[in-house]
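Asker: Supplied structure: structure32.txt, compact mmCIF, C-alpha atoms.
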# COMPACT_ATOMS: atom_id res chain seq x y z
CA MET A 1 88.45 90.09 106.10
CA ASP A 2 87.66 90.34 109.80
CA TYR A 3 89.47 88.82 112.74
CA GLY A 4 89.04 88.15 116.43
CA ILE A 5 91.74 87.30 118.97
CA GLU A 6 91.18 84.92 121.86
CA GLN A 7 93.88 84.77 124.56
CA ARG A 8 94.54 81.41 126.17
CA ASP A 9 97.29 80.29 128.58
CA GLN A 10 100.30 80.10 126.32
CA GLU A 11 98.56 80.73 123.06
CA ALA A 12 96.75 83.50 121.21
CA ALA A 13 94.12 82.15 118.80
CA VAL A 14 93.32 84.53 115.95
CA ARG A 15 90.28 83.61 113.90
CA LEU A 16 90.27 85.07 110.37
CA ARG A 17 86.92 85.32 108.60
CA GLY A 18 85.94 86.08 105.01
CA ARG A 19 88.39 86.86 102.21
CA LEU A 20 92.06 87.76 102.66
CA THR A 21 93.32 89.78 99.66
CA PHE A 22 95.63 92.68 98.82
CA ASN A 23 92.85 95.04 99.92
CA ASP A 24 93.30 93.88 103.54
CA HIS A 25 96.73 95.53 103.95
CA ALA A 26 95.57 97.87 106.73
CA LYS A 27 93.91 95.05 108.73
CA LEU A 28 97.00 92.86 108.44
CA ARG A 29 99.20 95.70 109.69
CA ALA A 30 96.92 96.09 112.72
CA LEU A 31 96.78 92.34 113.31
CA ILE A 32 100.56 91.93 113.15
CA GLY A 33 100.88 94.76 115.68
CA GLU A 34 98.43 93.05 118.07
CA MET A 35 100.15 89.69 117.74
CA LYS A 36 103.51 91.25 118.53
CA GLN A 37 102.15 93.01 121.61
CA ASN A 38 100.22 90.24 123.32
CA LYS A 39 102.10 87.97 125.72
CA ALA A 40 101.56 84.58 124.11
CA LYS A 41 104.62 82.95 122.56
CA ARG A 42 102.46 80.89 120.26
CA GLN A 43 100.25 82.75 117.77
CA VAL A 44 97.74 80.47 116.05
CA LEU A 45 95.91 81.76 112.99
CA ASP A 46 92.65 79.80 112.76
CA LEU A 47 91.83 79.78 109.03
CA SER A 48 88.74 77.56 109.24
CA SER A 49 86.39 80.51 108.58
CA LEU A 50 88.55 81.99 105.83
CA GLU A 51 86.89 81.51 102.44
CA PHE A 52 89.48 82.87 100.01
CA VAL A 53 93.11 83.93 99.99
CA ASP A 54 95.13 85.46 97.14
CA SER A 55 98.87 85.67 96.52
CA ALA A 56 99.13 89.01 98.34
CA GLY A 57 97.27 87.45 101.29
CA ILE A 58 99.85 84.64 101.33
CA GLY A 59 102.59 87.28 101.21
CA MET A 60 101.08 89.06 104.20
CA LEU A 61 100.91 85.78 106.16
CA LEU A 62 104.61 85.28 105.41
CA ILE A 63 105.35 88.81 106.65
CA ALA A 64 103.39 88.00 109.83
CA ARG A 65 105.56 84.89 110.25
CA GLU A 66 108.80 86.88 109.85
CA GLU A 67 107.61 89.49 112.34
CA MET A 68 106.76 86.75 114.86
CA VAL A 69 110.22 85.20 114.41
CA ALA A 70 111.75 88.63 115.02
CA ALA A 71 109.68 88.89 118.23
CA ALA A 72 110.73 85.36 119.30
CA LYS A 73 107.22 84.01 118.78
CA GLU A 74 105.90 81.07 116.82
CA LEU A 75 103.24 81.41 114.10
CA VAL A 76 100.98 78.49 113.23
CA LEU A 77 98.40 78.31 110.44
CA ARG A 78 95.55 76.02 111.50
CA GLY A 79 92.44 74.52 109.98
CA ALA A 80 92.55 75.80 106.40
CA VAL A 81 89.81 74.35 104.19
CA GLY A 82 88.73 74.56 100.54
CA GLN A 83 90.36 77.20 98.39
CA VAL A 84 92.61 78.43 101.23
CA LYS A 85 93.98 74.93 101.88
CA ARG A 86 94.60 74.44 98.16
CA VAL A 87 96.51 77.73 97.75
CA LEU A 88 98.67 77.04 100.83
CA THR A 89 99.51 73.66 99.31
CA VAL A 90 100.15 74.90 95.76
CA ALA A 91 102.35 77.78 97.00
CA GLN A 92 104.22 75.29 99.27
CA ILE A 93 103.77 77.51 102.32
CA GLY A 94 104.20 74.48 104.58
CA LYS A 95 107.95 74.65 103.86
CA ILE A 96 108.10 78.06 105.55
CA VAL A 97 105.30 78.17 108.13
CA THR A 98 103.98 75.48 110.49
CA ILE A 99 100.61 74.27 109.17
CA GLU A 100 98.24 72.21 111.35
CA ASP A 101 94.95 70.58 110.31
CA MET B 1 80.25 120.31 66.05
CA VAL B 2 81.69 116.98 67.13
CA VAL B 3 81.82 114.40 64.35
CA GLN B 4 79.74 111.44 65.42
CA THR B 5 80.95 107.89 64.93
CA PRO B 6 78.28 105.73 63.27
CA PRO B 7 76.54 103.20 65.54
CA PRO B 8 78.47 99.92 65.71
CA ARG B 9 77.26 96.71 64.13
CA THR B 10 76.66 94.64 67.23
CA ARG B 11 74.96 91.52 68.50
CA PHE B 12 73.42 93.39 71.43
CA ALA B 13 69.63 93.65 71.54
CA ALA B 14 69.35 96.26 74.29
CA LEU B 15 71.07 98.56 76.77
CA HIS B 16 70.50 98.27 80.50
CA GLY B 17 71.42 101.08 82.90
CA LEU B 18 72.97 100.16 86.25
CA ALA B 19 72.58 103.28 88.39
CA ILE B 20 73.47 105.53 85.45
CA ALA B 21 71.55 108.80 84.93
CA ASP B 22 68.54 108.47 82.57
CA ASP B 23 69.66 111.25 80.24
CA ARG B 24 73.13 109.75 79.94
CA LEU B 25 71.70 106.31 79.23
CA ALA B 26 69.39 107.80 76.58
CA ARG B 27 72.34 109.56 74.93
CA CYS B 28 74.35 106.33 74.85
CA ALA B 29 71.35 104.46 73.42
CA THR B 30 71.18 106.96 70.55
CA TRP B 31 74.92 106.66 69.89
CA LEU B 32 74.73 102.87 69.81
CA GLY B 33 71.38 102.59 68.03
CA LEU B 34 70.04 100.30 70.77
CA PRO B 35 66.82 100.43 72.85
CA SER B 36 67.41 101.16 76.53
CA GLU B 37 65.39 99.17 79.01
CA GLY B 38 64.72 99.85 82.66
CA GLY B 39 63.89 96.28 83.62
CA LYS B 40 64.63 92.92 82.05
CA GLY B 41 64.02 93.21 78.33
CA GLY B 42 63.19 90.68 75.68
CA GLY B 43 66.05 88.41 76.71
CA GLY B 44 68.42 89.22 73.85
CA PRO B 45 72.08 89.88 74.69
CA THR B 46 72.15 93.04 76.76
CA LEU B 47 74.91 95.58 77.31
CA ALA B 48 74.93 97.09 80.82
CA LEU B 49 76.27 100.61 81.34
CA LEU B 50 77.60 101.58 84.77
CA ASP B 51 78.52 104.82 86.48
CA GLY B 52 80.65 103.62 89.37
CA PRO B 53 80.00 100.41 91.33
CA GLN B 54 76.50 101.41 92.48
CA GLY B 55 73.85 99.27 90.82
CA ALA B 56 76.32 96.49 89.99
CA THR B 57 76.59 95.04 93.50
CA GLU B 58 73.51 92.80 93.16
CA ALA B 59 74.01 89.32 91.68
CA ALA B 60 71.22 90.00 89.14
CA ALA B 61 73.41 92.65 87.51
CA TRP B 62 75.79 89.84 86.47
CA LEU B 63 73.26 87.33 85.18
CA PRO B 64 71.79 86.76 81.69
CA PRO B 65 70.66 88.42 79.51
CA ILE B 66 73.47 90.86 80.38
CA THR B 67 76.71 89.80 78.66
CA ALA B 68 78.78 92.99 78.76
CA TRP B 69 79.50 95.67 81.36
CA ILE B 70 80.97 99.02 80.31
CA GLU B 71 81.56 102.15 82.38
CA PRO B 72 81.40 104.94 79.75
CA THR B 73 83.87 107.78 80.10
CA ALA B 74 82.54 111.28 80.71
CA ASP B 75 85.35 112.80 78.62
CA ASP B 76 85.01 114.54 75.25
CA ASP B 77 85.63 111.27 73.44
CA ALA B 78 82.73 109.51 75.20
CA GLN B 79 80.92 108.68 71.97
CA PRO B 80 83.76 107.18 69.85
CA SER B 81 85.14 105.47 72.95
CA LEU B 82 81.83 103.78 73.81
CA THR B 83 81.35 102.80 70.17
CA LEU B 84 84.78 101.16 70.07
CA LEU B 85 84.27 99.31 73.38
CA THR B 86 80.82 98.12 72.29
CA THR B 87 82.31 96.71 69.09
CA ARG B 88 84.94 94.87 71.14
CA ALA B 89 82.27 93.65 73.55
CA GLY B 90 80.27 92.27 70.65
CA SER B 91 83.12 90.05 69.50
CA VAL B 92 83.37 87.97 72.71
CA ASP B 93 80.97 86.13 75.03
CA LEU B 94 81.50 88.21 78.19
CA TYR B 95 83.12 91.64 78.24
CA VAL B 96 83.95 94.09 81.03
CA ASN B 97 85.55 97.54 80.72
CA LEU B 98 85.63 99.56 83.95
CA THR B 99 87.76 102.13 85.71
CA THR B 100 90.33 100.83 88.18
CA GLU B 101 88.38 102.28 91.09
CA THR B 102 85.09 100.64 90.10
CA ALA B 103 86.69 97.28 89.28
CA ASN B 104 88.37 97.22 92.69
CA ASP B 105 85.21 98.22 94.58
CA LEU B 106 83.21 95.46 92.86
CA HIS B 107 85.64 92.58 93.56
CA LEU B 108 85.39 91.90 89.87
CA ALA B 109 86.68 88.31 89.71
CA GLY B 110 83.74 87.02 91.73
CA ARG B 111 81.27 88.97 89.55
CA ILE B 112 82.70 87.51 86.37
CA LEU B 113 82.46 84.06 87.91
CA THR B 114 78.76 84.69 88.62
CA ALA B 115 78.26 85.56 84.94
CA LEU B 116 80.27 82.54 83.82
CA THR B 117 78.58 79.93 85.99
CA ALA B 118 75.14 81.13 84.88
CA ARG B 119 76.16 79.91 81.41
CA HIS B 120 78.42 77.02 82.28
CA PRO B 121 77.90 75.32 85.68
CA LEU B 122 81.17 74.07 87.20
CA PRO B 123 82.14 72.01 90.27
CA GLN B 124 83.27 73.95 93.35
CA ASP B 125 86.95 72.95 93.04
CA ARG B 126 87.11 74.27 89.51
CA LEU B 127 85.28 77.45 90.54
CA ASP B 128 87.86 78.05 93.29
CA ASP B 129 90.71 77.67 90.80
CA LEU B 130 89.10 79.92 88.19
CA GLU B 131 88.30 82.58 90.78
CA LEU B 132 91.91 82.55 91.97
CA ALA B 133 93.32 82.86 88.43
CA LEU B 134 90.87 85.63 87.51
CA HIS B 135 91.49 87.45 90.78
CA GLU B 136 95.28 87.26 90.41
CA ALA B 137 95.20 88.49 86.80
CA ILE B 138 92.81 91.32 87.68
CA SER B 139 94.66 92.39 90.82
CA ASN B 140 97.99 92.36 88.95
CA ALA B 141 96.43 94.62 86.32
CA LEU B 142 94.93 96.96 88.92
CA VAL B 143 97.72 97.12 91.51
CA HIS B 144 100.94 96.72 89.51
CA GLY B 145 99.62 97.85 86.09
CA ASN B 146 97.20 100.76 86.43
CA LEU B 147 98.19 101.93 89.93
CA GLU B 148 101.93 101.28 89.42
CA VAL B 149 102.34 99.94 92.96
CA ALA B 150 105.32 97.59 93.37
CA GLY B 151 104.75 94.22 95.02
CA MET B 152 105.94 93.47 98.56
CA LYS B 153 109.53 92.37 98.01
CA GLU B 154 110.83 92.22 101.57
CA LEU B 155 109.36 89.99 104.25
CA ASN B 156 108.79 92.58 106.95
CA ALA B 157 106.18 94.93 108.37
CA ALA B 158 107.90 98.02 106.94
CA GLU B 159 107.41 96.65 103.43
CA LEU B 160 103.73 95.92 104.18
CA GLU B 161 103.39 99.52 105.37
CA ARG B 162 105.04 100.79 102.18
CA PHE B 163 102.66 98.69 100.04
CA SER B 164 99.68 99.85 102.08
CA ARG B 165 100.66 103.54 101.83
CA ASP B 166 101.42 103.36 98.09
CA LEU B 167 98.14 101.62 97.31
CA VAL B 168 96.04 104.20 99.16
CA GLN B 169 98.00 107.10 97.68
CA GLN B 170 97.88 105.85 94.09
CA MET B 171 94.17 104.98 94.28
CA ALA B 172 93.55 108.59 95.39
CA ASN B 173 95.25 109.83 92.20
CA PRO B 174 92.38 110.30 89.70
CA THR B 175 94.64 109.91 86.67
CA LEU B 176 95.55 106.41 87.84
CA SER B 177 92.22 105.35 89.38
CA ARG B 178 90.43 106.21 86.11
CA ARG B 179 92.73 104.01 84.06
CA ARG B 180 90.73 101.18 82.59
CA LEU B 181 90.67 97.46 83.13
CA GLU B 182 89.38 95.20 80.36
CA VAL B 183 88.30 91.57 80.73
CA ALA B 184 87.18 89.55 77.70
CA VAL B 185 85.91 85.97 77.99
CA THR B 186 85.45 83.67 74.99
CA LEU B 187 83.60 80.42 75.67
CA GLU B 188 84.29 77.33 73.61
CA PRO B 189 82.54 73.95 74.00
CA THR B 190 85.15 72.58 76.42
CA ALA B 191 87.41 75.53 77.18
CA MET B 192 87.45 79.21 77.99
CA ALA B 193 89.87 81.96 76.96
CA VAL B 194 90.16 85.00 79.23
CA GLU B 195 92.08 88.18 78.45
CA VAL B 196 92.80 90.79 81.12
CA ALA B 197 94.36 94.08 80.04
CA ASP B 198 95.45 97.25 81.83
CA GLU B 199 96.75 100.71 80.89
CA GLY B 200 99.94 100.66 82.97
CA ASN B 201 103.57 100.64 81.91
CA GLY B 202 103.77 96.91 81.27
CA PHE B 203 106.51 94.71 82.65
CA GLN B 204 109.12 92.16 81.64
CA PRO B 205 108.46 88.85 83.35
CA THR B 206 111.56 87.07 84.61
CA PRO B 207 111.61 83.30 85.17
CA MET B 208 110.62 82.38 88.74
CA ASP B 209 110.03 86.02 89.57
CA CYS B 210 109.12 85.13 93.13
CA HIS B 211 110.88 86.77 95.99
CA GLY B 212 109.83 87.87 99.44
CA ALA B 213 106.12 88.36 99.92
CA SER B 214 105.38 89.06 96.25
CA GLY B 215 105.57 87.41 92.86
CA ARG B 216 103.41 84.33 93.45
CA GLY B 217 100.45 85.59 91.42
CA LEU B 218 101.61 84.57 87.95
CA ASN B 219 102.88 81.24 89.26
CA LEU B 220 99.49 80.54 90.85
CA ILE B 221 97.75 81.39 87.56
CA ALA B 222 100.12 79.05 85.72
CA THR B 223 99.23 76.14 88.01
CA VAL B 224 95.52 76.62 87.31
CA ALA B 225 95.47 77.59 83.62
CA ASP B 226 96.25 75.31 80.67
CA SER B 227 98.28 78.12 79.13
CA ILE B 228 99.14 81.74 79.80
CA GLU B 229 100.59 84.26 77.40
CA LEU B 230 101.68 87.84 78.07
CA GLN B 231 101.07 90.36 75.29
CA ASP B 232 101.43 94.11 74.70
CA GLY B 233 104.61 94.39 76.79
CA GLY B 234 102.97 92.74 79.80
CA ARG B 235 99.82 94.90 79.76
CA ARG B 236 97.68 91.98 78.61
CA ILE B 237 97.50 88.40 79.83
CA ARG B 238 95.73 85.72 77.86
CA MET B 239 94.76 82.59 79.78
CA ARG B 240 93.12 79.36 78.62
CA PHE B 241 91.22 77.02 80.91
CA ALA B 242 89.61 73.64 80.27
CA LEU B 243 85.97 73.65 81.37
For this file, write the structure as structure tokens.
Answerer:
Amino acid sequence: MDYGIEQRDQEAAVRLRGRLTFNDHAKLRALIGEMKQNKAKRQVLDLSSLEFVDSAGIGMLLIAREEMVAAAKELVLRGAVGQVKRVLTVAQIGKIVTIED
Amino acid sequence: MVVQTPPPRTRFAALHGLAIADDRLARCATWLGLPSEGGKGGGGPTLALLDGPQGATEAAAWLPPITAWIEPTADDDAQPSLTLLTTRAGSVDLYVNLTTETANDLHLAGRILTALTARHPLPQDRLDDLELALHEAISNALVHGNLEVAGMKELNAAELERFSRDLVQQMANPTLSRRRLEVAVTLEPTAMAVEVADEGNGFQPTPMDCHGASGRGLNLIATVADSIELQDGGRRIRMRFAL
């Protein structure tokens, strides 16, 4: 998995690309650190270029959400398609994290 | 003088080396009583031998006529071990037996899907589901089984750091990273049975074992598979899927 962060006015847009699995633990640690440090209150994870996510990837997104709550920020998951959209639905992640189309 | 195990009775027509040294491949060919071929052979079922992930990263390494992928051990028991694994490989339609390190480097679930779809084309939705189930079963076996790394129980960055540190540390332990992962696929006309086995300590599943950031893997498999069954104290999962 790779990611890029784009800073807007009130929002940081983080585009995730590729496959998010348990092997991406180091990248997720770095990403969570960057999201905590930037100024935006609203952190949007753009999942439209993410091709695959596993249960550990979902777990890491939930950790990111908890860390944002602790830093008084909002986390949004946006634009999931295909397998990623299906896993978010099956695992009922919408009950915990804000999901936008 | 080491007592040699007789060559196995097997359906394989040939051996194919994937980045394995020529002399080692020749020795294995003698043990198994099979011809070794550099390129594509006569098209009969072929057993591929690996030495690490090199040579198995191309899609062609996962396409017919290859139906089994084994990473032979370099230990003293190399000959009886390879004979036993080849016999097991011959009893199913697709068979993989690799070290933990190699299986992880190869992103094995996707490779097995390549092999499967070459024999049984499937719509994209079904492929996504099968890849997820295979990936979850394989990563459970690698991470929690062979590497003995506990899942992320707490929802915080410290727990992610703990998981990250444990995973790197355990993968660097050769005793653990050389533990083996086995995947066996049996194809039926309208269904597929997949077994994934590890060499870890096993585990006792508890109902709804889902807390914090971890524990969703088995539940995800259960939503995709028609049935799942844990065997050998949790070291083996058997899954059935309609095709």
Asker: Report as a list in words the set of chain B residues whose atoms approach chain A to within 6 Å, with distances computed over all atoms listed in the file.
Answerer: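 Close to chain A, chain B has Asp128, Leu155, Asn156, Ser164, Ala213, Ser214, Arg216 and Gly217 of chain B.
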Asker: Extract, using all atoms listed in the file, all DNA, RNA and protein residues at most 6 Å from stretch 86-100 of chain B, discarding same-chain residues fewer than 2 positions from it, and format them as a list in words.
Answerer: Thr10, Arg11, Thr67, Ala68, Trp69, Ile70, Glu71, Leu82, Thr83, Leu84, Thr102, Ala103, Ser177, Arg178, Arg179, Arg180, Leu181, Glu182, Val183, Ala184, Val185 and Thr186 of chain B
Asker: A:Ser48, A:Tyr3, A:Val97, A:Asn38: which is nearest A:Glu74, counting only C-alpha atoms?
Answerer: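 Nearest candidate to A:Glu74 out of A:Ser48, A:Tyr3, A:Val97, A:Asn38: A:Val97.
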Asker: Can you pull out every residue within 9 Å of A:Ser49, counting all atoms listed in the file, but drop anything in the same chain fewer than 2 positions away, and send it as a list in words?
Answerer: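 Residues meeting the cut-off are Arg15, Leu16, Arg17, Gly18, Asp46, Leu47, Glu51, Gly79, Ala80 and Val81 of chain A.
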Asker: Taking 4 positions as the minimum chain separation for residues in the same chain, which residues sit within 12 Å of B:Arg27 when counting all atoms listed in the file? Answer as a list in words.
Answerer: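 Selected residues are Leu15, Gly17, Ile20, Ala21, Asp22, Asp23, Trp31, Leu32, Gly33, Leu34, Pro35, Ser36, Leu49, Pro72, Ala74, Ala78, Gln79 and Leu82 of chain B.
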